[in-house]
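Participant: Handing you a structure now.
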Amino acid sequence: MFPKKLKGDDTIKLSTRQEQIIKIIQENQPITGEAIADKIGLTRATLRPDLAVLSMCKIINAKPKVGYFISEAKSNEDLTDKLMSIKLSDVKSMPIVVNESTSVYDAIVTLFLENVGTLFVVDNKVLKGIVSRKDLLKATMGGGDLSTMPIGVIMTRVPKAVYCTEDESIIDAAEKIIEHEVDCIPIIEFDNKNRMIITGRVSKTNVTKVMLDLVK
């Protein structure tokens, strides 16, 4: 059933026949009222009240001499529902990790070899910090011996790090990526000592791939 939310807390629950009509339109749009009636095995007059309800709820629209189609608002609602149902545990990637003693030079090499934009600094899987391409660029421009400079000096430490948990949705991750202007976010879980254990990563690439898969 597709409940249609109205203003306030009122909700209209669609009937089984109305749900059937929506499915037929989704699979055959644009489609005429007569064609919908034929597929269900009823008359056009019998379906008129159902079509009127769906139109008033802005679930479907109609064009004269063309037929019925799913409204843009309903399509957007469906897309949002699908995105909210996709959890990060289902789409996460493996994190590329280093430790605090790793040199900036070795971190840069790792970044290019792994073809990623973010490294995660860990100690026995416990997240300690994050290093981005921007951090590494600043370090190279600042001078100094990159082969002896530890990555721990330039990383963003955990208290300031943005993160997600596996039960958050791909929409939650996208919002954090945009809000904090980062390319990648660690996915973590808390152990019994309330330490952040890194279990994966989600990046702009993950978000884009999910969107493309839904479009296809």
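Note on naming: chains are A, B, ... as they come in the structure tokens, residues start from 1 per chain, ligands start from 1 in the order shown.
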At most 6 Å is the cut-off: for each residue in segment 41-158 of chain A with any atom that close to an atom of segment 199-213 of chain A, write down the nearest atom pair and the distance in Å rounded to one decimal, counting only C-alpha atoms, chain first then increasing number, as JSON lines.
Facilitator:
```
{"residue": "A:Lys92", "atom": "CA", "partner": "A:Val202", "partner_atom": "CA", "distance": 5.4}
{"residue": "A:Ser93", "atom": "CA", "partner": "A:Arg201", "partner_atom": "CA", "distance": 5.3}
{"residue": "A:Met94", "atom": "CA", "partner": "A:Gly200", "partner_atom": "CA", "distance": 5.0}
{"residue": "A:Pro95", "atom": "CA", "partner": "A:Gly200", "partner_atom": "CA", "distance": 5.0}
```
Participant: Would you output that residue set with N, CA and C atoms, as a compact mmCIF listing (two decimals), in the first residue's frame?
Facilitator:
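out-v2.txt, freshly written:
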```
# COMPACT_ATOMS: atom_id res chain seq x y z
N LYS A 92 29.04 0.05 1.09
CA LYS A 92 30.33 0.56 1.54
C LYS A 92 31.48 -0.05 0.76
N SER A 93 32.60 0.67 0.75
CA SER A 93 33.84 0.18 0.14
C SER A 93 34.86 -0.08 1.24
N MET A 94 35.92 -0.79 0.88
CA MET A 94 36.98 -1.06 1.85
C MET A 94 37.78 0.21 2.11
N PRO A 95 38.08 0.51 3.37
CA PRO A 95 38.87 1.70 3.68
C PRO A 95 40.36 1.44 3.42
```
Participant: With the cut-off set at 12 Å and counting only C-alpha atoms, tabulate each residue of segment 47-99 of chain A with an atom at most that distance from an atom of segment 139-157 of chain A, showing the nearest atom pair and its distance in Å to one decimal, ordered by chain and increasing number, as a tab-separated table.
Facilitator:
```
residue	atom	partner	partner_atom	distance
A:Val97	CA	A:Ile151	CA	11.5
A:Val98	CA	A:Ile151	CA	8.6
A:Asn99	CA	A:Ile151	CA	7.7
```
Participant: Using N, CA and C atoms, can you write the selected residues to a file as a PDB file, in the first residue's frame?
Facilitator:
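So out.pdb came out as:
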```
ATOM      1  N   VAL A  97      43.885   2.208   4.760  1.00  0.00           N
ATOM      2  CA  VAL A  97      44.352   2.666   6.066  1.00  0.00           C
ATOM      3  C   VAL A  97      45.877   2.750   6.133  1.00  0.00           C
ATOM      4  N   VAL A  98      46.332   3.650   7.008  1.00  0.00           N
ATOM      5  CA  VAL A  98      47.744   3.789   7.356  1.00  0.00           C
ATOM      6  C   VAL A  98      47.803   4.005   8.865  1.00  0.00           C
ATOM      7  N   ASN A  99      49.013   4.047   9.425  1.00  0.00           N
ATOM      8  CA  ASN A  99      49.132   4.358  10.857  1.00  0.00           C
ATOM      9  C   ASN A  99      49.786   5.720  11.037  1.00  0.00           C
TER      10      ASN A  99
END
```
Participant: Between A:Lys176, A:Val91, A:Glu72, A:Gly129, which has the minimum distance to Ala161 of chain A (counting only C-alpha atoms)?
Facilitator: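 With only C-alpha atoms as the atom set, the closest residue is A:Gly129.
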Participant: Need to verify the contact set: Ile21 of chain A, 8 Å, only C-alpha atoms, exclusion of same-chain residues closer than 4 positions in sequence. Can you return it as a PyMOL selection string?
Facilitator: chain A and resi 17+25+36
Participant: Using DSSP secondary structure from the backbone, list all strand (DSSP E) positions within segment 6-208 of chain A, as a ChimeraX atom specification.
Facilitator: /A:11-12,60-63,67-70,97-98,118-123,126-132,156-157,164-165,184-190,196-203
Participant: Could you pull the residues within 10 Å of segment 44-56 of chain A, counting only C-alpha atoms, minus those fewer than 5 positions along the same chain, as number ranges by chain?
Facilitator: A: 4, 12, 14-15, 17-19, 21-22, 32-38, 61-62, 68, 70-71
Participant: Quick one: write out the picked residues with N, CA and C atoms as a PDB file, in the first residue's frame?
Facilitator:
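Listed below is the output, selection_34.pdb:
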```pdb
ATOM      1  N   LYS A   4      -0.765   8.062   1.198  1.00  0.00           N
ATOM      2  CA  LYS A   4      -0.538   9.409   0.680  1.00  0.00           C
ATOM      3  C   LYS A   4      -0.641  10.390   1.815  1.00  0.00           C
ATOM      4  N   ILE A  12      -4.238   9.230   3.664  1.00  0.00           N
ATOM      5  CA  ILE A  12      -5.188   8.446   2.878  1.00  0.00           C
ATOM      6  C   ILE A  12      -4.517   7.133   2.518  1.00  0.00           C
ATOM      7  N   LEU A  14      -4.526   4.021   0.232  1.00  0.00           N
ATOM      8  CA  LEU A  14      -5.081   3.646  -1.059  1.00  0.00           C
ATOM      9  C   LEU A  14      -5.638   2.227  -1.016  1.00  0.00           C
ATOM     10  N   SER A  15      -6.658   2.020  -1.829  1.00  0.00           N
ATOM     11  CA  SER A  15      -7.266   0.698  -1.905  1.00  0.00           C
ATOM     12  C   SER A  15      -6.392  -0.216  -2.770  1.00  0.00           C
ATOM     13  N   ARG A  17      -7.314  -1.749  -5.397  1.00  0.00           N
ATOM     14  CA  ARG A  17      -7.525  -1.420  -6.814  1.00  0.00           C
ATOM     15  C   ARG A  17      -6.741  -0.182  -7.217  1.00  0.00           C
ATOM     16  N   GLN A  18      -6.683   0.793  -6.335  1.00  0.00           N
ATOM     17  CA  GLN A  18      -5.912   1.993  -6.637  1.00  0.00           C
ATOM     18  C   GLN A  18      -4.419   1.678  -6.750  1.00  0.00           C
ATOM     19  N   GLU A  19      -3.944   0.795  -5.893  1.00  0.00           N
ATOM     20  CA  GLU A  19      -2.558   0.342  -5.990  1.00  0.00           C
ATOM     21  C   GLU A  19      -2.315  -0.369  -7.320  1.00  0.00           C
ATOM     22  N   ILE A  21      -3.943   0.162 -10.097  1.00  0.00           N
ATOM     23  CA  ILE A  21      -3.950   1.190 -11.138  1.00  0.00           C
ATOM     24  C   ILE A  21      -2.582   1.865 -11.226  1.00  0.00           C
ATOM     25  N   ILE A  22      -2.015   2.204 -10.068  1.00  0.00           N
ATOM     26  CA  ILE A  22      -0.693   2.845 -10.046  1.00  0.00           C
ATOM     27  C   ILE A  22       0.344   1.949 -10.710  1.00  0.00           C
ATOM     28  N   THR A  32      -4.177   5.129 -21.530  1.00  0.00           N
ATOM     29  CA  THR A  32      -5.525   5.707 -21.449  1.00  0.00           C
ATOM     30  C   THR A  32      -6.342   5.029 -20.361  1.00  0.00           C
ATOM     31  N   GLY A  33      -7.414   5.712 -19.935  1.00  0.00           N
ATOM     32  CA  GLY A  33      -8.304   5.145 -18.939  1.00  0.00           C
ATOM     33  C   GLY A  33      -8.938   3.855 -19.428  1.00  0.00           C
ATOM     34  N   GLU A  34      -9.294   3.827 -20.724  1.00  0.00           N
ATOM     35  CA  GLU A  34      -9.903   2.621 -21.300  1.00  0.00           C
ATOM     36  C   GLU A  34      -8.940   1.439 -21.232  1.00  0.00           C
ATOM     37  N   ALA A  35      -7.666   1.707 -21.527  1.00  0.00           N
ATOM     38  CA  ALA A  35      -6.667   0.634 -21.502  1.00  0.00           C
ATOM     39  C   ALA A  35      -6.452   0.119 -20.083  1.00  0.00           C
ATOM     40  N   ILE A  36      -6.481   1.025 -19.111  1.00  0.00           N
ATOM     41  CA  ILE A  36      -6.348   0.615 -17.712  1.00  0.00           C
ATOM     42  C   ILE A  36      -7.525  -0.279 -17.325  1.00  0.00           C
ATOM     43  N   ALA A  37      -8.725   0.148 -17.711  1.00  0.00           N
ATOM     44  CA  ALA A  37      -9.928  -0.619 -17.405  1.00  0.00           C
ATOM     45  C   ALA A  37      -9.867  -2.014 -18.020  1.00  0.00           C
ATOM     46  N   ASP A  38      -9.382  -2.114 -19.269  1.00  0.00           N
ATOM     47  CA  ASP A  38      -9.275  -3.405 -19.934  1.00  0.00           C
ATOM     48  C   ASP A  38      -8.327  -4.337 -19.184  1.00  0.00           C
ATOM     49  N   ASN A  61      -1.095  12.011 -13.110  1.00  0.00           N
ATOM     50  CA  ASN A  61      -1.550  13.137 -13.930  1.00  0.00           C
ATOM     51  C   ASN A  61      -2.096  12.586 -15.233  1.00  0.00           C
ATOM     52  N   ALA A  62      -2.818  13.420 -15.964  1.00  0.00           N
ATOM     53  CA  ALA A  62      -3.376  12.986 -17.249  1.00  0.00           C
ATOM     54  C   ALA A  62      -3.230  14.101 -18.274  1.00  0.00           C
ATOM     55  N   TYR A  68      -2.780   8.643 -18.923  1.00  0.00           N
ATOM     56  CA  TYR A  68      -2.327   8.855 -17.555  1.00  0.00           C
ATOM     57  C   TYR A  68      -0.853   8.499 -17.418  1.00  0.00           C
ATOM     58  N   ILE A  70       2.506   8.693 -14.146  1.00  0.00           N
ATOM     59  CA  ILE A  70       2.850   8.952 -12.748  1.00  0.00           C
ATOM     60  C   ILE A  70       3.374  10.378 -12.636  1.00  0.00           C
ATOM     61  N   SER A  71       2.870  11.112 -11.645  1.00  0.00           N
ATOM     62  CA  SER A  71       3.293  12.503 -11.482  1.00  0.00           C
ATOM     63  C   SER A  71       4.742  12.582 -11.038  1.00  0.00           C
TER      64      SER A  71
END
```
Participant: Which residues in segment 21-83 of chain A does DSSP call alpha helix (DSSP H)? List them as a ChimeraX atom specification.
Facilitator: /A:21-28,33-40,44-56,72-83
Participant: What's around segment 84-86 of chain A at 9 Å? Count only C-alpha atoms, leave out sequence neighbours fewer than 5 positions away in its own chain, and write the answer as a PyMOL selection string.
Facilitator: chain A and resi 79+91+168-172+210
Participant: Of the residues A:Leu136, A:Ile40, A:Cys57, A:Val126, which is the one nearest to Glu189 of chain A, using only C-alpha atoms?
Facilitator: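 Ranking A:Leu136, A:Ile40, A:Cys57, A:Val126 by distance to Glu189 of chain A, first place goes to A:Val126.
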Participant: Interatomic distance between atom CA of Leu88 of chain A and atom CA of Asp106 of chain A?
Facilitator: 29.4 Å
Participant: With only C-alpha atoms as the atoms that count, which of A:Leu127, A:Lys58, A:Val66, A:Leu113 lies nearest to Gln29 of chain A?
Facilitator: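 For Gln29 of chain A, the nearest of the given residues is A:Val66.
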Participant: How far is it from atom CA of Thr102 of chain A to atom CA of Cys164 of chain A, in Å with one decimal?
Facilitator: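 If I compute the distance from atom CA of Thr102 of chain A to atom CA of Cys164 of chain A, I get 24.8 Å.
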Participant: Pick from A:Leu111, A:Ile187, A:Val121, A:Ile31: nearest to Glu166 of chain A, with only C-alpha atoms counted?
Facilitator: A:Ile187
Participant: For atom CA of Pro159 of chain A and atom CA of Thr110 of chain A, quote the distance in Å rounded to one decimal.
Facilitator: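 Between atom CA of Pro159 of chain A and atom CA of Thr110 of chain A the gap is 24.4 Å.
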